Structures are given as C-alpha cells and as structure tokens.
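> First the structure, which I've put down as structure tokens, then a few questions once you've had a look.
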Amino acid sequence: MYLYGASGHAKVIMDILHANNIEVTGLVDDNPNLNEFCGMEVRHDASGLSPIIISIGDCRIRKMIVNNLCHSKGGRPEFPTAIHPSAIISQHATIGEGTVVMQGAIVQTGAKIGNHCIINTKASIDHDCVIDDFVHVAPGCTFSGNVHIGEGTWVGIGTTIIQGVTIGKNCFIGAGSVVTGDLPDGCKAYGVPCRIIDK
C-alpha cells in the first residue's frame with residue numbers, strides 16, 4: 001500500500017492500515033526537499049504505484065492528484081478504502097474507493113459515501129445521507145438523516161447538520177457551525193445558525 005502525501009494526515013492513515021494489519025510499502029510527496037517521513041523513504045513520482053491512497057486533507061488537491069494518477073503513463077491505480085476497526089459502518093451503507101474512515105466514526109444504514117472522502121475521527125453520518133466525492137468531514141461532525149453534501153465540500157470540526165439539509169459543491173463550512181438550511185454551491189458559511197459569509 002502506498003500513500004500519496006507525507007503529512008499528519010498520512011500518519012493517521014498509517015495507523016488505520018496498521019490496525020488492519022496492512023503494511024505501508026512507501027510514501028510519495030511532491031515536495032522535492034522531503035526525502036524521509038516517519039522513518040520511510042519518500043518518493044517523488046507515483047507513476048505505476050498501486051494500490052495507493054491519497055493522504056492529503058485538502059479536497060481540491062486530492063481531486064487533482066487522483067485525476068493526474070488516472071491519466072498517468074503507468075495506468076489507473078487501484079484506490080482502496082481504509083477503515084479503522086473502531087469505526088461502526090452499517091452493512092447497508094456504501095463506501096467509495098479511496099475513502100478513509102477514521103477512529104470512532106459512525107456511518108449508519110442507507111448512507112452513501114463517495115470516492116476519496118475523509119470521514120474523520122468520531123464523525124457521525126446518520127441514515128440515508130449522501131456524501132459526494134472528495135468531501136472532507138472533519139472530526140466530531142454530526143449529520144442527521146438524509147443530509148446531502150456536494151462534491152469537494154469541507155465541513156469544519158464539530159459541525160452539526162440537521163436532517164434533510166443539502167449543502168452544495170465546493171463549500172467551506174466553518175468549525176462548530178449548526179446548519180439548519182440548504183446552502184448553495186461554492187459558498188463559505190459558518191455560525192450558529194450557519195450563515196453564508198462569502199460566495
């Protein structure tokens with residue numbers, strides 16, 4: 001198993017893989033000055049490496065790297081999931097490729113988690129939620145039932161979203177927000193209740 005991105009996020013994924021008895025074969029990072037991380041050699045070219053998980057928190061960068069890897073000369077790599085054993089995942093939920101689910105997270109029945117998402121520590125995703133590709137759900141978030149989060153959106157730490165709310169693509173929801181209504185694509189919003197501050 002390879003990780004793309006030698007960062008703190010990579011450390012957490014390494015712990016998840018270790019808990020599942022999966023060995024990290026190597027690390028890749030674009031920083032040419034970074035040659036070692038956590039005692040492992042860091043490569044600077046991911047061509048032909050597979051399976052690989054993108055260990056970068058930023059949604060846009062994660063999407064860019066996946067697109068580049070899928071069109072590289074080495075061919076499309078395999079993107080496995082990484083789910084910590086302490087996470088509770090309903091047998092009736094779906095988790096897309098390349099997605100990581102951290103320690104203590106809960107994904108309830110009927111939830112659909114897209115590709116290359118991050119469901120962070122102790123996040124709770126309730127029944128029938130739809131989380132599109134490349135979403136980052138920060139630690140301690142709580143989503144009630146039937147919430148829909150659009151592609152590339154970042155939901156800040158400790159945010160609560162009430163049932164039935166839809167948040168658009170490429171949004172940024174500030175830490176500790178309480179989202180009680182729908183939000184459009186591309187907005188920045190935060191607060192209790194959550195309000196749009198920038199489009």
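We name chains A, B, ... following the order of the structure tokens; residues begin at 1 in each chain, and ligands are numbered from 1 as shown.
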Identify all residues of stretch 73-111 of chain A in strand (DSSP E) (DSSP on the backbone) and supply them as a ChimeraX atom specification.

/A:82-83,88-89,94-95,100-101,106-107

> If you count only C-alpha atoms, which residues fall within 9 Å of A:Gln91, apart from same-chain ones fewer than 5 positions away, as a list in words?

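Near neighbours after the sequence-gap exclusion: Gln108, Thr109 and Gly110 of chain A.
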
> Need the shell around stretch 169-172 of chain A: protein/DNA/RNA residues with any atom at most 10 Å away, counting only C-alpha atoms. Skip same-chain ones fewer than 4 positions apart. Format as a ChimeraX atom specification?

/A:59-60,132-136,149-156,183-190,196,198-199

> Since we have the selection now, will you write its residues out, keeping N, CA, C and O atoms, as a compact mmCIF listing (two decimals), in the first residue's frame?


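Saved as again-v6.txt:
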# COMPACT_ATOMS: atom_id res chain seq x y z
N CYS A 59 -9.42 19.07 -0.21
CA CYS A 59 -10.30 18.39 -1.18
C CYS A 59 -9.87 18.62 -2.62
O CYS A 59 -9.88 17.69 -3.43
N ARG A 60 -9.52 19.85 -2.96
CA ARG A 60 -9.17 20.17 -4.34
C ARG A 60 -7.86 19.52 -4.76
O ARG A 60 -7.73 19.01 -5.88
N ASP A 132 -20.98 13.18 -1.41
CA ASP A 132 -20.40 13.05 -2.75
C ASP A 132 -18.87 12.94 -2.68
O ASP A 132 -18.26 13.08 -1.62
N ASP A 133 -18.23 12.74 -3.85
CA ASP A 133 -16.79 12.52 -3.93
C ASP A 133 -15.99 13.71 -3.38
O ASP A 133 -16.41 14.86 -3.48
N PHE A 134 -14.82 13.38 -2.84
CA PHE A 134 -13.82 14.36 -2.40
C PHE A 134 -14.29 15.29 -1.28
O PHE A 134 -13.80 16.41 -1.14
N VAL A 135 -15.24 14.85 -0.48
CA VAL A 135 -15.70 15.63 0.68
C VAL A 135 -14.81 15.33 1.87
O VAL A 135 -14.35 14.20 2.06
N HIS A 136 -14.55 16.34 2.69
CA HIS A 136 -13.81 16.17 3.94
C HIS A 136 -14.75 16.50 5.10
O HIS A 136 -15.18 17.65 5.25
N ILE A 149 -24.26 16.20 0.95
CA ILE A 149 -23.10 17.08 0.87
C ILE A 149 -22.50 16.97 -0.53
O ILE A 149 -22.13 15.87 -0.98
N GLY A 150 -22.37 18.10 -1.24
CA GLY A 150 -21.86 18.10 -2.61
C GLY A 150 -20.36 17.89 -2.70
O GLY A 150 -19.61 18.09 -1.74
N GLU A 151 -19.93 17.53 -3.88
CA GLU A 151 -18.53 17.21 -4.15
C GLU A 151 -17.58 18.33 -3.73
O GLU A 151 -17.83 19.50 -3.96
N GLY A 152 -16.47 17.91 -3.10
CA GLY A 152 -15.40 18.84 -2.78
C GLY A 152 -15.64 19.75 -1.61
O GLY A 152 -14.85 20.66 -1.37
N THR A 153 -16.70 19.54 -0.86
CA THR A 153 -17.02 20.41 0.28
C THR A 153 -16.25 19.99 1.52
O THR A 153 -16.05 18.80 1.78
N TRP A 154 -15.82 20.98 2.28
CA TRP A 154 -15.12 20.77 3.56
C TRP A 154 -16.08 21.18 4.67
O TRP A 154 -16.55 22.31 4.70
N VAL A 155 -16.36 20.25 5.59
CA VAL A 155 -17.23 20.53 6.73
C VAL A 155 -16.36 20.58 7.97
O VAL A 155 -15.76 19.58 8.37
N GLY A 156 -16.26 21.76 8.61
CA GLY A 156 -15.33 22.00 9.70
C GLY A 156 -15.65 21.23 10.98
O GLY A 156 -16.78 20.80 11.22
N LEU A 183 -27.56 25.15 1.58
CA LEU A 183 -26.52 26.09 1.18
C LEU A 183 -26.14 25.83 -0.27
O LEU A 183 -26.01 24.68 -0.69
N PRO A 184 -25.91 26.91 -1.07
CA PRO A 184 -25.62 26.73 -2.50
C PRO A 184 -24.17 26.35 -2.75
O PRO A 184 -23.32 26.43 -1.86
N ASP A 185 -23.88 26.00 -4.00
CA ASP A 185 -22.52 25.66 -4.40
C ASP A 185 -21.57 26.83 -4.12
O ASP A 185 -21.92 28.00 -4.24
N GLY A 186 -20.34 26.47 -3.78
CA GLY A 186 -19.25 27.43 -3.75
C GLY A 186 -19.30 28.48 -2.67
O GLY A 186 -18.63 29.51 -2.79
N CYS A 187 -20.03 28.25 -1.61
CA CYS A 187 -20.12 29.29 -0.57
C CYS A 187 -19.23 28.96 0.62
O CYS A 187 -18.85 27.82 0.84
N LYS A 188 -18.92 30.02 1.37
CA LYS A 188 -18.26 29.88 2.66
C LYS A 188 -19.27 30.30 3.71
O LYS A 188 -19.89 31.37 3.59
N ALA A 189 -19.47 29.45 4.71
CA ALA A 189 -20.51 29.73 5.70
C ALA A 189 -20.07 29.22 7.06
O ALA A 189 -19.34 28.24 7.16
N TYR A 190 -20.54 29.90 8.11
CA TYR A 190 -20.28 29.40 9.47
C TYR A 190 -21.23 30.09 10.44
O TYR A 190 -21.90 31.07 10.10
N ILE A 196 -24.23 32.28 5.32
CA ILE A 196 -23.27 32.48 4.24
C ILE A 196 -22.52 33.79 4.48
O ILE A 196 -23.13 34.83 4.71
N ASP A 198 -19.57 34.38 2.30
CA ASP A 198 -18.86 34.66 1.06
C ASP A 198 -19.31 33.66 0.00
O ASP A 198 -19.43 32.48 0.28
N LYS A 199 -19.56 34.16 -1.21
CA LYS A 199 -19.89 33.27 -2.34
C LYS A 199 -18.78 33.27 -3.37
O LYS A 199 -18.94 32.79 -4.46

> Between A:Asn67, A:Ser177, A:Ser144, A:Ser124, which has the minimum distance to A:Gly158 (counting only C-alpha atoms)?

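Closest to A:Gly158 of all the choices is A:Ser177.
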
> Can you check which residues of stretch 9-189 of chain A DSSP gives as alpha helix (DSSP H) on the backbone and send them as a list of chain:residue names?

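The alpha helix (DSSP H) subset of stretch 9-189 of chain A is A:His9, A:Ala10, A:Lys11, A:Val12, A:Ile13, A:Met14, A:Asp15, A:Ile16, A:Leu17, A:His18, A:Ala19, A:Cys59, A:Arg60, A:Ile61, A:Arg62, A:Lys63, A:Met64, A:Ile65, A:Val66, A:Asn67, A:Asn68, A:Leu69, A:Cys70.
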
> Quick one: write out the picked residues with N, CA, C and O atoms as a PDB file, in the first residue's frame?


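again_29.pdb was written with the following content:
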ATOM      1  N   HIS A   9      -1.887  13.897   8.120  1.00  0.00           N
ATOM      2  CA  HIS A   9      -2.999  13.052   7.675  1.00  0.00           C
ATOM      3  C   HIS A   9      -2.488  11.653   7.302  1.00  0.00           C
ATOM      4  O   HIS A   9      -3.149  10.649   7.576  1.00  0.00           O
ATOM      5  N   ALA A  10      -1.302  11.602   6.700  1.00  0.00           N
ATOM      6  CA  ALA A  10      -0.710  10.305   6.366  1.00  0.00           C
ATOM      7  C   ALA A  10      -0.446   9.479   7.617  1.00  0.00           C
ATOM      8  O   ALA A  10      -0.641   8.260   7.628  1.00  0.00           O
ATOM      9  N   LYS A  11      -0.007  10.136   8.696  1.00  0.00           N
ATOM     10  CA  LYS A  11       0.236   9.405   9.944  1.00  0.00           C
ATOM     11  C   LYS A  11      -1.020   8.701  10.438  1.00  0.00           C
ATOM     12  O   LYS A  11      -0.974   7.564  10.909  1.00  0.00           O
ATOM     13  N   VAL A  12      -2.164   9.399  10.348  1.00  0.00           N
ATOM     14  CA  VAL A  12      -3.423   8.801  10.802  1.00  0.00           C
ATOM     15  C   VAL A  12      -3.787   7.606   9.922  1.00  0.00           C
ATOM     16  O   VAL A  12      -4.206   6.551  10.429  1.00  0.00           O
ATOM     17  N   ILE A  13      -3.622   7.750   8.611  1.00  0.00           N
ATOM     18  CA  ILE A  13      -3.937   6.638   7.706  1.00  0.00           C
ATOM     19  C   ILE A  13      -2.986   5.471   7.956  1.00  0.00           C
ATOM     20  O   ILE A  13      -3.403   4.300   7.912  1.00  0.00           O
ATOM     21  N   MET A  14      -1.738   5.769   8.246  1.00  0.00           N
ATOM     22  CA  MET A  14      -0.793   4.689   8.573  1.00  0.00           C
ATOM     23  C   MET A  14      -1.258   3.920   9.803  1.00  0.00           C
ATOM     24  O   MET A  14      -1.173   2.685   9.841  1.00  0.00           O
ATOM     25  N   ASP A  15      -1.779   4.620  10.804  1.00  0.00           N
ATOM     26  CA  ASP A  15      -2.320   3.953  11.994  1.00  0.00           C
ATOM     27  C   ASP A  15      -3.511   3.074  11.643  1.00  0.00           C
ATOM     28  O   ASP A  15      -3.657   1.962  12.166  1.00  0.00           O
ATOM     29  N   ILE A  16      -4.384   3.581  10.766  1.00  0.00           N
ATOM     30  CA  ILE A  16      -5.555   2.802  10.339  1.00  0.00           C
ATOM     31  C   ILE A  16      -5.110   1.531   9.633  1.00  0.00           C
ATOM     32  O   ILE A  16      -5.623   0.432   9.910  1.00  0.00           O
ATOM     33  N   LEU A  17      -4.157   1.660   8.718  1.00  0.00           N
ATOM     34  CA  LEU A  17      -3.676   0.492   7.979  1.00  0.00           C
ATOM     35  C   LEU A  17      -2.999  -0.502   8.923  1.00  0.00           C
ATOM     36  O   LEU A  17      -3.220  -1.712   8.820  1.00  0.00           O
ATOM     37  N   HIS A  18      -2.198   0.018   9.865  1.00  0.00           N
ATOM     38  CA  HIS A  18      -1.532  -0.853  10.844  1.00  0.00           C
ATOM     39  C   HIS A  18      -2.565  -1.632  11.658  1.00  0.00           C
ATOM     40  O   HIS A  18      -2.393  -2.829  11.919  1.00  0.00           O
ATOM     41  N   ALA A  19      -3.665  -0.953  12.045  1.00  0.00           N
ATOM     42  CA  ALA A  19      -4.719  -1.624  12.822  1.00  0.00           C
ATOM     43  C   ALA A  19      -5.404  -2.715  12.013  1.00  0.00           C
ATOM     44  O   ALA A  19      -6.013  -3.625  12.588  1.00  0.00           O
ATOM     45  N   CYS A  59      -9.419  19.067  -0.213  1.00  0.00           N
ATOM     46  CA  CYS A  59     -10.301  18.394  -1.177  1.00  0.00           C
ATOM     47  C   CYS A  59      -9.873  18.616  -2.621  1.00  0.00           C
ATOM     48  O   CYS A  59      -9.879  17.688  -3.430  1.00  0.00           O
ATOM     49  N   ARG A  60      -9.523  19.850  -2.957  1.00  0.00           N
ATOM     50  CA  ARG A  60      -9.166  20.166  -4.344  1.00  0.00           C
ATOM     51  C   ARG A  60      -7.856  19.516  -4.760  1.00  0.00           C
ATOM     52  O   ARG A  60      -7.729  19.009  -5.882  1.00  0.00           O
ATOM     53  N   ILE A  61      -6.885  19.530  -3.859  1.00  0.00           N
ATOM     54  CA  ILE A  61      -5.604  18.893  -4.181  1.00  0.00           C
ATOM     55  C   ILE A  61      -5.796  17.387  -4.318  1.00  0.00           C
ATOM     56  O   ILE A  61      -5.220  16.754  -5.212  1.00  0.00           O
ATOM     57  N   ARG A  62      -6.606  16.801  -3.437  1.00  0.00           N
ATOM     58  CA  ARG A  62      -6.868  15.360  -3.517  1.00  0.00           C
ATOM     59  C   ARG A  62      -7.475  15.006  -4.875  1.00  0.00           C
ATOM     60  O   ARG A  62      -7.062  14.036  -5.524  1.00  0.00           O
ATOM     61  N   LYS A  63      -8.440  15.791  -5.337  1.00  0.00           N
ATOM     62  CA  LYS A  63      -9.076  15.531  -6.632  1.00  0.00           C
ATOM     63  C   LYS A  63      -8.076  15.685  -7.776  1.00  0.00           C
ATOM     64  O   LYS A  63      -8.046  14.869  -8.705  1.00  0.00           O
ATOM     65  N   MET A  64      -7.241  16.710  -7.726  1.00  0.00           N
ATOM     66  CA  MET A  64      -6.250  16.938  -8.774  1.00  0.00           C
ATOM     67  C   MET A  64      -5.279  15.765  -8.880  1.00  0.00           C
ATOM     68  O   MET A  64      -4.968  15.290  -9.978  1.00  0.00           O
ATOM     69  N   ILE A  65      -4.820  15.259  -7.724  1.00  0.00           N
ATOM     70  CA  ILE A  65      -3.876  14.142  -7.737  1.00  0.00           C
ATOM     71  C   ILE A  65      -4.535  12.884  -8.291  1.00  0.00           C
ATOM     72  O   ILE A  65      -3.931  12.163  -9.098  1.00  0.00           O
ATOM     73  N   VAL A  66      -5.767  12.615  -7.881  1.00  0.00           N
ATOM     74  CA  VAL A  66      -6.473  11.437  -8.405  1.00  0.00           C
ATOM     75  C   VAL A  66      -6.611  11.531  -9.926  1.00  0.00           C
ATOM     76  O   VAL A  66      -6.348  10.566 -10.655  1.00  0.00           O
ATOM     77  N   ASN A  67      -7.000  12.700 -10.426  1.00  0.00           N
ATOM     78  CA  ASN A  67      -7.135  12.875 -11.877  1.00  0.00           C
ATOM     79  C   ASN A  67      -5.804  12.667 -12.588  1.00  0.00           C
ATOM     80  O   ASN A  67      -5.742  12.029 -13.647  1.00  0.00           O
ATOM     81  N   ASN A  68      -4.731  13.194 -12.009  1.00  0.00           N
ATOM     82  CA  ASN A  68      -3.406  13.012 -12.617  1.00  0.00           C
ATOM     83  C   ASN A  68      -2.990  11.548 -12.634  1.00  0.00           C
ATOM     84  O   ASN A  68      -2.469  11.056 -13.640  1.00  0.00           O
ATOM     85  N   LEU A  69      -3.232  10.846 -11.537  1.00  0.00           N
ATOM     86  CA  LEU A  69      -2.857   9.430 -11.471  1.00  0.00           C
ATOM     87  C   LEU A  69      -3.665   8.584 -12.449  1.00  0.00           C
ATOM     88  O   LEU A  69      -3.141   7.643 -13.047  1.00  0.00           O
ATOM     89  N   CYS A  70      -4.930   8.942 -12.619  1.00  0.00           N
ATOM     90  CA  CYS A  70      -5.793   8.163 -13.516  1.00  0.00           C
ATOM     91  C   CYS A  70      -5.411   8.342 -14.983  1.00  0.00           C
ATOM     92  O   CYS A  70      -5.786   7.535 -15.833  1.00  0.00           O
TER      93      CYS A  70
END
